[in-house]
file final32.pdb (PDB, C-alpha atoms and all ligand atoms)
ATOM      1  CA  MET A1205       0.000   0.000   0.000
ATOM      2  CA  GLN A1206       1.801   3.112  -1.240
ATOM      3  CA  ASN A1207       0.928   6.611  -2.421
ATOM      4  CA  LYS A1208      -2.684   6.304  -1.349
ATOM      5  CA  ARG A1209      -4.844   8.796   0.470
ATOM      6  CA  ILE A1210      -6.094   6.972   3.566
ATOM      7  CA  LEU A1211      -8.498   8.030   6.323
ATOM      8  CA  ILE A1212      -8.061   6.027   9.549
ATOM      9  CA  THR A1213     -10.564   6.415  12.361
ATOM     10  CA  GLY A1214      -9.258   5.898  15.881
ATOM     11  CA  ALA A1215      -5.751   6.803  14.744
ATOM     12  CA  SER A1216      -4.790   8.525  17.996
ATOM     13  CA  ALA A1217      -4.049   5.341  19.970
ATOM     14  CA  GLY A1218      -3.650   1.573  19.841
ATOM     15  CA  ILE A1219      -3.735  -0.310  16.552
ATOM     16  CA  GLY A1220      -4.926   2.743  14.573
ATOM     17  CA  ARG A1221      -1.999   4.906  15.688
ATOM     18  CA  VAL A1222       0.635   2.315  14.766
ATOM     19  CA  LEU A1223      -1.146   1.683  11.480
ATOM     20  CA  ALA A1224      -1.214   5.418  10.682
ATOM     21  CA  LEU A1225       2.524   5.808  11.339
ATOM     22  CA  LYS A1226       3.475   2.682   9.366
ATOM     23  CA  LEU A1227       1.291   3.638   6.389
ATOM     24  CA  ALA A1228       2.619   7.217   6.475
ATOM     25  CA  ALA A1229       6.199   5.905   6.505
ATOM     26  CA  ARG A1230       5.376   4.017   3.289
ATOM     27  CA  GLY A1231       4.506   7.247   1.518
ATOM     28  CA  ASN A1232       0.748   7.187   1.955
ATOM     29  CA  ARG A1233      -1.046  10.428   2.771
ATOM     30  CA  ILE A1234      -2.861   9.898   6.041
ATOM     31  CA  VAL A1235      -5.921  11.593   7.505
ATOM     32  CA  ALA A1236      -6.117  10.612  11.178
ATOM     33  CA  LEU A1237      -9.542  10.858  12.772
ATOM     34  CA  ALA A1238     -10.145  10.664  16.540
ATOM     35  CA  ARG A1239     -11.860  12.706  19.222
ATOM     36  CA  ASN A1240      -8.876  13.484  21.480
ATOM     37  CA  ARG A1241      -7.140  16.589  20.059
ATOM     38  CA  GLU A1242      -4.115  16.286  22.343
ATOM     39  CA  LYS A1243      -3.375  12.751  21.169
ATOM     40  CA  LEU A1244      -3.907  13.802  17.551
ATOM     41  CA  GLY A1245      -1.396  16.625  18.130
ATOM     42  CA  ALA A1246       1.153  14.123  19.459
ATOM     43  CA  LEU A1247       0.694  12.022  16.329
ATOM     44  CA  VAL A1248       1.350  15.012  14.069
ATOM     45  CA  ALA A1249       4.420  15.909  16.153
ATOM     46  CA  GLU A1250       5.791  12.474  15.236
ATOM     47  CA  PHE A1251       4.780  12.688  11.565
ATOM     48  CA  PRO A1252       3.990  16.288  10.486
ATOM     49  CA  GLU A1253       2.556  15.246   7.103
ATOM     50  CA  ILE A1254      -0.401  13.540   8.802
ATOM     51  CA  GLU A1255      -3.636  15.536   8.596
ATOM     52  CA  THR A1256      -6.160  15.285  11.391
ATOM     53  CA  VAL A1257      -9.916  15.423  11.842
ATOM     54  CA  ALA A1258     -11.213  15.764  15.410
ATOM     55  CA  LEU A1259     -14.621  14.130  15.644
ATOM     56  CA  ASP A1260     -16.490  12.289  18.389
ATOM     57  CA  LEU A1261     -17.944   9.260  16.623
ATOM     58  CA  SER A1262     -20.208   8.471  19.579
ATOM     59  CA  ASP A1263     -22.070  11.762  19.044
ATOM     60  CA  PRO A1264     -24.839  11.142  16.480
ATOM     61  CA  GLN A1265     -25.258  14.867  15.721
ATOM     62  CA  ALA A1266     -21.506  15.404  15.182
ATOM     63  CA  LEU A1267     -21.434  12.327  12.957
ATOM     64  CA  ARG A1268     -24.401  13.576  10.987
ATOM     65  CA  ASP A1269     -22.894  17.079  10.627
ATOM     66  CA  PHE A1270     -19.620  15.589   9.342
ATOM     67  CA  ALA A1271     -21.442  13.315   6.881
ATOM     68  CA  GLU A1272     -23.468  16.244   5.546
ATOM     69  CA  SER A1273     -20.530  18.688   5.451
ATOM     70  CA  GLY A1274     -19.314  17.505   2.044
ATOM     71  CA  TRP A1275     -15.823  16.918   3.494
ATOM     72  CA  ASN A1276     -13.642  15.712   0.650
ATOM     73  CA  GLY A1277     -10.211  14.227   1.189
ATOM     74  CA  ASP A1278      -9.946  12.590  -2.266
ATOM     75  CA  LEU A1279      -9.665   9.294  -0.443
ATOM     76  CA  ASP A1280      -8.605   5.964  -1.881
ATOM     77  CA  VAL A1281      -8.983   4.069   1.392
ATOM     78  CA  LEU A1282     -11.194   4.290   4.479
ATOM     79  CA  ILE A1283     -10.133   2.303   7.554
ATOM     80  CA  ASN A1284     -12.967   2.005  10.080
ATOM     81  CA  ASN A1285     -10.820   1.263  13.116
ATOM     82  CA  ALA A1286     -12.190   3.345  16.021
ATOM     83  CA  GLY A1287     -13.929   1.222  18.608
ATOM     84  CA  VAL A1288     -14.791   0.910  22.270
ATOM     85  CA  GLN A1289     -15.572  -2.107  24.412
ATOM     86  CA  ASP A1290     -17.576  -2.135  27.619
ATOM     87  CA  GLN A1291     -16.972  -5.242  29.692
ATOM     88  CA  HIS A1292     -19.914  -5.789  31.969
ATOM     89  CA  ARG A1293     -22.702  -8.296  31.959
ATOM     90  CA  LEU A1294     -26.120  -6.849  31.168
ATOM     91  CA  VAL A1295     -27.290  -7.167  34.805
ATOM     92  CA  ASP A1296     -24.382  -4.980  35.982
ATOM     93  CA  PRO A1297     -25.540  -1.348  36.565
ATOM     94  CA  ALA A1298     -22.305  -0.173  34.875
ATOM     95  CA  CYS A1299     -23.723  -1.532  31.630
ATOM     96  CA  SER A1300     -26.026   1.492  31.329
ATOM     97  CA  ALA A1301     -28.170   2.611  28.417
ATOM     98  CA  ALA A1302     -25.765   5.530  27.840
ATOM     99  CA  VAL A1303     -22.747   3.207  27.658
ATOM    100  CA  MET A1304     -24.490   0.870  25.232
ATOM    101  CA  ILE A1305     -25.697   3.715  23.006
ATOM    102  CA  ASP A1306     -22.121   5.104  22.831
ATOM    103  CA  GLU A1307     -20.786   1.663  21.980
ATOM    104  CA  VAL A1308     -23.292   0.987  19.200
ATOM    105  CA  THR A1309     -22.859   4.483  17.735
ATOM    106  CA  THR A1310     -19.042   4.336  17.759
ATOM    107  CA  ASN A1311     -18.604   0.737  16.626
ATOM    108  CA  LEU A1312     -21.463   0.312  14.172
ATOM    109  CA  THR A1313     -23.395   3.478  13.292
ATOM    110  CA  ALA A1314     -20.214   5.490  12.670
ATOM    111  CA  PRO A1315     -18.567   3.082  10.194
ATOM    112  CA  ILE A1316     -21.845   2.725   8.301
ATOM    113  CA  VAL A1317     -22.505   6.481   8.134
ATOM    114  CA  LEU A1318     -18.863   7.334   7.302
ATOM    115  CA  THR A1319     -18.677   4.712   4.555
ATOM    116  CA  LYS A1320     -21.877   6.022   2.977
ATOM    117  CA  ALA A1321     -20.699   9.651   3.222
ATOM    118  CA  LEU A1322     -17.248   8.937   1.761
ATOM    119  CA  LEU A1323     -18.383   6.507  -0.969
ATOM    120  CA  PRO A1324     -18.454   9.058  -3.819
ATOM    121  CA  GLN A1325     -14.779   9.983  -3.319
ATOM    122  CA  LEU A1326     -13.766   6.356  -2.714
ATOM    123  CA  ARG A1327     -15.501   5.149  -5.861
ATOM    124  CA  ALA A1328     -13.735   7.849  -7.874
ATOM    125  CA  SER A1329     -10.460   6.109  -6.962
ATOM    126  CA  GLN A1330      -8.981   3.323  -9.087
ATOM    127  CA  SER A1331      -8.101   1.436  -5.908
ATOM    128  CA  ALA A1332     -11.079   2.055  -3.628
ATOM    129  CA  LEU A1333     -10.827   0.079  -0.395
ATOM    130  CA  VAL A1334     -12.846  -0.001   2.824
ATOM    131  CA  VAL A1335     -11.166  -1.809   5.731
ATOM    132  CA  ASN A1336     -13.334  -2.719   8.704
ATOM    133  CA  LEU A1337     -11.752  -3.673  12.043
ATOM    134  CA  VAL A1338     -14.052  -6.452  13.146
ATOM    135  CA  SER A1339     -13.278  -9.000  15.909
ATOM    136  CA  ALA A1340     -13.391 -12.730  16.556
ATOM    137  CA  LEU A1341     -16.376 -11.819  18.761
ATOM    138  CA  ALA A1342     -18.331 -11.372  15.525
ATOM    139  CA  PHE A1343     -18.132 -15.180  15.223
ATOM    140  CA  ALA A1344     -18.663 -16.129  18.876
ATOM    141  CA  PRO A1345     -19.734 -13.617  21.547
ATOM    142  CA  LYS A1346     -18.172 -13.025  24.944
ATOM    143  CA  ASP A1347     -20.595 -13.118  27.881
ATOM    144  CA  ASP A1348     -19.460  -9.798  29.396
ATOM    145  CA  ALA A1349     -19.330  -8.013  26.036
ATOM    146  CA  ALA A1350     -22.762  -8.696  24.551
ATOM    147  CA  CYS A1351     -23.228  -5.231  23.076
ATOM    148  CA  TYR A1352     -19.676  -5.098  21.670
ATOM    149  CA  SER A1353     -20.039  -8.572  20.117
ATOM    150  CA  ALA A1354     -23.335  -7.516  18.515
ATOM    151  CA  THR A1355     -21.764  -4.367  17.029
ATOM    152  CA  LYS A1356     -18.922  -6.391  15.500
ATOM    153  CA  ALA A1357     -21.324  -8.986  14.055
ATOM    154  CA  GLY A1358     -23.289  -6.064  12.592
ATOM    155  CA  LEU A1359     -20.135  -4.542  11.101
ATOM    156  CA  ARG A1360     -19.251  -7.872   9.510
ATOM    157  CA  MET A1361     -22.724  -8.039   7.947
ATOM    158  CA  PHE A1362     -22.360  -4.448   6.696
ATOM    159  CA  SER A1363     -19.170  -5.485   4.875
ATOM    160  CA  THR A1364     -21.051  -8.385   3.257
ATOM    161  CA  ALA A1365     -23.819  -6.004   2.175
ATOM    162  CA  LEU A1366     -21.266  -3.593   0.673
ATOM    163  CA  ARG A1367     -19.756  -6.459  -1.335
ATOM    164  CA  ALA A1368     -23.238  -7.324  -2.587
ATOM    165  CA  GLN A1369     -23.832  -3.735  -3.707
ATOM    166  CA  PHE A1370     -20.516  -2.994  -5.386
ATOM    167  CA  PRO A1371     -18.525  -5.152  -7.788
ATOM    168  CA  ARG A1372     -15.018  -5.904  -6.563
ATOM    169  CA  GLY A1373     -13.522  -3.746  -9.331
ATOM    170  CA  GLU A1374     -15.390  -0.708  -7.998
ATOM    171  CA  LEU A1375     -14.858  -1.197  -4.285
ATOM    172  CA  ARG A1376     -12.901  -3.750  -2.286
ATOM    173  CA  VAL A1377     -14.112  -4.408   1.257
ATOM    174  CA  LEU A1378     -11.663  -6.027   3.662
ATOM    175  CA  ASP A1379     -12.594  -7.369   7.101
ATOM    176  CA  ILE A1380      -9.861  -7.658   9.719
ATOM    177  CA  PHE A1381     -10.323 -10.103  12.584
ATOM    178  CA  PRO A1382      -7.530  -9.482  15.108
ATOM    179  CA  PRO A1383      -6.889 -11.746  18.074
ATOM    180  CA  LEU A1384      -6.348 -10.066  21.458
ATOM    181  CA  VAL A1385      -4.040  -7.092  20.864
ATOM    182  CA  ALA A1386      -2.127  -5.348  23.644
ATOM    183  CA  THR A1387      -3.736  -1.886  23.662
ATOM    184  CA  ALA A1388      -5.647   0.231  26.187
ATOM    185  CA  MET A1389      -8.771  -1.741  25.231
ATOM    186  CA  THR A1390      -7.341  -5.003  26.608
ATOM    187  CA  GLU A1391      -5.129  -3.641  29.370
ATOM    188  CA  GLY A1392      -4.894  -6.006  32.333
ATOM    189  CA  ARG A1393      -6.753  -8.892  30.727
ATOM    190  CA  GLY A1394      -6.114 -11.895  28.568
ATOM    191  CA  PRO A1395      -2.908 -13.869  28.134
ATOM    192  CA  GLU A1396       0.590 -12.462  27.885
ATOM    193  CA  ILE A1397       1.971 -11.199  24.588
ATOM    194  CA  GLY A1398       3.054 -14.221  22.554
ATOM    195  CA  LYS A1399       0.582 -16.521  24.303
ATOM    196  CA  GLY A1400      -2.537 -15.584  22.359
ATOM    197  CA  LYS A1401      -2.079 -11.813  22.573
ATOM    198  CA  ILE A1402      -0.123  -9.843  19.967
ATOM    199  CA  THR A1403       1.328  -6.336  19.927
ATOM    200  CA  ALA A1404      -0.248  -3.407  18.085
ATOM    201  CA  GLU A1405       2.866  -3.483  15.836
ATOM    202  CA  GLN A1406       2.153  -7.094  14.852
ATOM    203  CA  ALA A1407      -1.526  -6.309  14.287
ATOM    204  CA  ALA A1408      -0.667  -3.307  12.092
ATOM    205  CA  ASP A1409       1.817  -5.363  10.035
ATOM    206  CA  ALA A1410      -0.818  -8.074   9.470
ATOM    207  CA  ILE A1411      -3.386  -5.448   8.450
ATOM    208  CA  ILE A1412      -0.983  -3.848   5.947
ATOM    209  CA  ASP A1413      -0.173  -7.312   4.505
ATOM    210  CA  ALA A1414      -3.911  -7.934   4.077
ATOM    211  CA  MET A1415      -4.392  -4.531   2.437
ATOM    212  CA  ASP A1416      -1.569  -5.392   0.011
ATOM    213  CA  GLY A1417      -3.205  -8.755  -0.764
ATOM    214  CA  THR A1418      -6.455  -9.559  -2.526
ATOM    215  CA  ARG A1419      -8.580 -11.364   0.063
ATOM    216  CA  ASP A1420     -11.856 -10.151   1.567
ATOM    217  CA  ARG A1421     -10.885 -11.023   5.108
ATOM    218  CA  ALA A1422      -7.829 -11.470   7.291
ATOM    219  CA  LEU A1423      -8.068 -13.791  10.275
ATOM    220  CA  ILE A1424      -5.063 -13.009  12.454
ATOM    221  CA  GLY A1425      -3.603 -15.444  15.005
ATOM    222  CA  THR A1426      -6.175 -17.114  17.254
ATOM    223  CA  ALA A1427      -9.075 -15.431  15.402
ATOM    224  CA  ARG A1428      -8.589 -18.126  12.762
ATOM    225  CA  ILE A1429      -9.320 -20.855  15.336
ATOM    226  CA  ILE A1430     -12.431 -19.089  16.655
ATOM    227  CA  ALA A1431     -13.801 -18.613  13.122
ATOM    228  CA  PHE A1432     -13.292 -22.305  12.360
ATOM    229  CA  LEU A1433     -14.697 -23.490  15.687
ATOM    230  CA  SER A1434     -17.761 -21.228  15.460
ATOM    231  CA  ALA A1435     -18.645 -22.900  12.133
ATOM    232  CA  ILE A1436     -18.450 -26.474  13.440
ATOM    233  CA  ALA A1437     -19.209 -26.121  17.168
ATOM    234  CA  PRO A1438     -20.739 -22.679  17.861
ATOM    235  CA  LYS A1439     -21.682 -23.379  21.506
ATOM    236  CA  LEU A1440     -18.156 -24.509  22.292
ATOM    237  CA  ALA A1441     -16.738 -21.409  20.587
ATOM    238  CA  THR A1442     -18.991 -19.164  22.709
ATOM    239  CA  ARG A1443     -17.968 -21.005  25.887
ATOM    240  CA  LEU A1444     -14.295 -20.566  25.011
ATOM    241  CA  MET A1445     -14.678 -16.837  24.334
ATOM    242  CA  SER A1446     -16.402 -16.334  27.687
ATOM    243  CA  LYS A1447     -13.746 -18.121  29.742
TER     244      LYS A1447
HETATM  245  N1  LIG A1501      -7.363  -4.645  21.081
HETATM  246  C1  LIG A1501      -7.917  -5.812  20.727
HETATM  247  O1  LIG A1501      -7.648  -6.879  21.324
HETATM  248  C2  LIG A1501      -8.879  -5.867  19.582
HETATM  249  C3  LIG A1501      -9.301  -7.128  19.128
HETATM  250  C4  LIG A1501     -10.204  -7.210  18.080
HETATM  251  C5  LIG A1501     -10.653  -6.050  17.478
HETATM  252  N2  LIG A1501     -10.225  -4.835  17.921
HETATM  253  C6  LIG A1501     -10.750  -3.645  17.269
HETATM  254  O2  LIG A1501      -9.662  -2.883  16.755
HETATM  255  C7  LIG A1501     -10.001  -1.493  16.776
HETATM  256  C8  LIG A1501      -8.904  -0.707  17.485
HETATM  257  O3  LIG A1501      -8.831  -1.167  18.834
HETATM  258  P1  LIG A1501      -7.640  -0.758  19.828
HETATM  259  O4  LIG A1501      -7.409  -1.923  20.703
HETATM  260  O5  LIG A1501      -6.533  -0.161  19.063
HETATM  261  O6  LIG A1501      -8.382   0.360  20.715
HETATM  262  P2  LIG A1501      -7.760   1.544  21.607
HETATM  263  O7  LIG A1501      -6.321   1.360  21.841
HETATM  264  O8  LIG A1501      -8.668   1.664  22.782
HETATM  265  O9  LIG A1501      -7.942   2.826  20.649
HETATM  266  C9  LIG A1501      -9.219   3.186  20.237
HETATM  267  C10 LIG A1501      -9.150   4.315  19.238
HETATM  268  O10 LIG A1501     -10.507   4.609  18.854
HETATM  269  C11 LIG A1501     -10.742   5.989  19.080
HETATM  270  N3  LIG A1501     -12.090   6.244  19.535
HETATM  271  C12 LIG A1501     -12.760   5.627  20.531
HETATM  272  N4  LIG A1501     -13.956   6.196  20.694
HETATM  273  C13 LIG A1501     -14.026   7.203  19.783
HETATM  274  C14 LIG A1501     -15.003   8.167  19.472
HETATM  275  N5  LIG A1501     -16.149   8.239  20.152
HETATM  276  N6  LIG A1501     -14.757   9.040  18.467
HETATM  277  C15 LIG A1501     -13.588   8.995  17.790
HETATM  278  N7  LIG A1501     -12.616   8.106  18.047
HETATM  279  C16 LIG A1501     -12.846   7.234  19.035
HETATM  280  C17 LIG A1501      -9.769   6.401  20.158
HETATM  281  O11 LIG A1501      -9.595   7.795  20.009
HETATM  282  P3  LIG A1501      -9.449   8.821  21.258
HETATM  283  O12 LIG A1501      -8.040   8.654  21.707
HETATM  284  O13 LIG A1501      -9.716  10.127  20.643
HETATM  285  O14 LIG A1501     -10.444   8.398  22.298
HETATM  286  C18 LIG A1501      -8.542   5.576  19.790
HETATM  287  O15 LIG A1501      -7.807   6.229  18.780
HETATM  288  C19 LIG A1501     -11.367  -1.398  17.467
HETATM  289  O16 LIG A1501     -12.380  -1.334  16.504
HETATM  290  C20 LIG A1501     -11.464  -2.702  18.228
HETATM  291  O17 LIG A1501     -12.802  -3.086  18.437
HETATM  292  C21 LIG A1501      -9.348  -4.721  18.950
END
call {"tool": "encode", "arguments": {"input": "final32.pdb", "output": "structure tokens"}}
result
Amino acid sequence: MQNKRILITGASAGIGRVLALKLAARGNRIVALARNREKLGALVAEFPEIETVALDLSDPQALRDFAESGWNGDLDVLINNAGVQDQHRLVDPACSAAVMIDEVTTNLTAPIVLTKALLPQLRASQSALVVNLVSALAFAPKDDAACYSATKAGLRMFSTALRAQFPRGELRVLDIFPPLVATAMTEGRGPEIGKGKITAEQAADAIIDAMDGTRDRALIGTARIIAFLSAIAPKLATRLMSK
């Protein structure tokens, strides 16, 4: 992936930040979208050519205003990476309506609305690509992340619908299924790095490899096992994810 104009949501931290820096270092022109202006500033300090858009994707009105603004970045690639995960069972008071609405808006509504808004400029590109950061939880849910799992299953279905609407030559849609990645989202949980968990660097490298390839989906590390298991023994896969 070189000399492309790429918008990455959630580029201020975690996988998105590493991805933005690696893609910029390859000569791509990056637009980094996130809500935290300070973190966006730190990214630009590291790579001054990166452009930024500060937008809170959990705010439906802000999302709508951006979509209707006619913003044009002459994009070739959109990477829907921003995401949040609440980890509480539904009976836990911390799993409030407000938290769930934020999660659905950020993880599902935002990628759908952004893709629709940016489609005209993407389709004008010879190498139009939408990359969606999904999750193995789109195959088998985790008991304390019901809402998150549902948003990722929805995002996966949105990718399938996009492929049904647009021939491959007009728009390529790539789903990324990372395993556990060591970022703020997974801090303090899961196995150690190397034992089922990978670094954001490794995740970004695998994503760039997939972008350079031709497949519709990239199952990284243990996500491959979950995808396989969910097809042959879905209850077992769900039990494993909830352990
Ligand atoms: N980490 C994993 O194990 C894992 C596994 C499978 C899939 N994924 C998926 O990979 C993607 C990246 O995850 P990560 O682990 O890198 O997460 P992370 O380290 O927590 O970073 C999340 C990024 O999303 C942005 N973001 C969150 N809420 C936002 C909002 N309302 N508006 C705009 N930007 C917002 C954050 O920006 P601010 O700094 O501005 O808040 C940040 O840049 C997510 O979609 C996640 O679901 C992660």
call {"tool": "resolve_selection", "arguments": {"input": "final32.pdb", "expression": "the PyMOL selection byres (((chain A and resi 1415) around 12) and not hetatm)", "output": "MDAnalysis selection string"}}
result
chainID A and resid 1205:1206 1208 1210 1223 1227 1281:1283 1331:1336 1376:1380 1408:1414 1416:1422
call {"tool": "resolve_selection", "arguments": {"input": "final32.pdb", "expression": "the PyMOL selection byres (((chain A and resi 1228) around 12) and not hetatm)", "output": "PyMOL selection string"}}
result
chain A and resi 1205-1212+1215+1220-1227+1229-1236+1247-1248+1250-1255+1412
call {"tool": "resolve_selection", "arguments": {"input": "final32.pdb", "expression": "the PyMOL selection byres (((chain A and resi 1426) around 12) and not hetatm)", "output": "list in words"}}
result
Ser1339, Ala1340, Leu1341, Phe1381, Pro1382, Pro1383, Leu1384, Val1385, Pro1395, Gly1398, Lys1399, Gly1400, Lys1401, Ile1402, Ala1422, Leu1423, Ile1424, Gly1425, Ala1427, Arg1428, Ile1429, Ile1430, Ala1431, Phe1432, Leu1433, Ala1441, Leu1444 and Met1445 of chain A
call {"tool": "residues_near_ligand", "arguments": {"input": "final32.pdb", "ligand": "ligand LIG 1501 (chain A)", "cutoff": "8 Å", "atoms": "only C-alpha atoms and all ligand atoms", "output": "MDAnalysis selection string"}}
result
chainID A and resid 1213:1221 1237:1241 1243:1244 1258:1263 1284:1289 1306 1310:1311 1336:1341 1352 1356 1380:1390 1401 1404
call {"tool": "closest_residue", "arguments": {"input": "final32.pdb", "among": "A:Leu1267, A:Val1317, A:Ala1249, A:Ala1344", "to": "Ala1435 of chain A", "atoms": "only C-alpha atoms"}}
result
A:Ala1344
call {"tool": "atom_distance", "arguments": {"input": "final32.pdb", "atom1": "atom CA of Gln1325 of chain A", "atom2": "atom CA of Phe1370 of chain A"}}
result
14.3 Å
call {"tool": "residues_near_point", "arguments": {"input": "final32.pdb", "point": "(-24.5, 14.6, 5.1)", "cutoff": "12 Å", "atoms": "all atoms listed in the file", "output": "PyMOL selection string"}}
result
chain A and resi 1264-1276+1317-1323
call {"tool": "residues_near_point", "arguments": {"input": "final32.pdb", "point": "(-11.4, 9.1, -2.2)", "cutoff": "7 Å", "atoms": "all atoms listed in the file", "output": "ChimeraX atom specification"}}
result
/A:1277-1281,1325-1329
call {"tool": "axis_aligned_box", "arguments": {"input": "final32.pdb", "around": "segment 1391-1396 of chain A", "padding_each_side": "4 Å", "output": "lines of an AutoDock Vina configuration file"}}
result
center_x = -3.1
center_y = -8.8
center_z = 30.1
size_x = 15.3
size_y = 18.2
size_z = 12.4
call {"tool": "atom_distance", "arguments": {"input": "final32.pdb", "atom1": "atom CA of Lys1439 of chain A", "atom2": "atom CA of Gly1358 of chain A"}}
result
19.5 Å
call {"tool": "atom_distance", "arguments": {"input": "final32.pdb", "atom1": "atom CA of Arg1372 of chain A", "atom2": "atom CA of Ile1436 of chain A"}}
result
28.9 Å
call {"tool": "closest_residue", "arguments": {"input": "final32.pdb", "among": "A:Lys1346, A:Arg1360, A:Arg1367, A:Arg1393", "to": "Arg1443 of chain A", "atoms": "all atoms listed in the file"}}
result
A:Lys1346
call {"tool": "closest_residue", "arguments": {"input": "final32.pdb", "among": "A:Gln1291, A:Thr1403, A:Thr1256, A:Ser1300", "to": "Asp1347 of chain A", "atoms": "all atoms listed in the file"}}
result
A:Gln1291
call {"tool": "closest_residue", "arguments": {"input": "final32.pdb", "among": "A:Ala1246, A:Ala1357, A:Ala1301, A:Ile1316", "to": "Phe1343 of chain A", "atoms": "only C-alpha atoms"}}
result
A:Ala1357
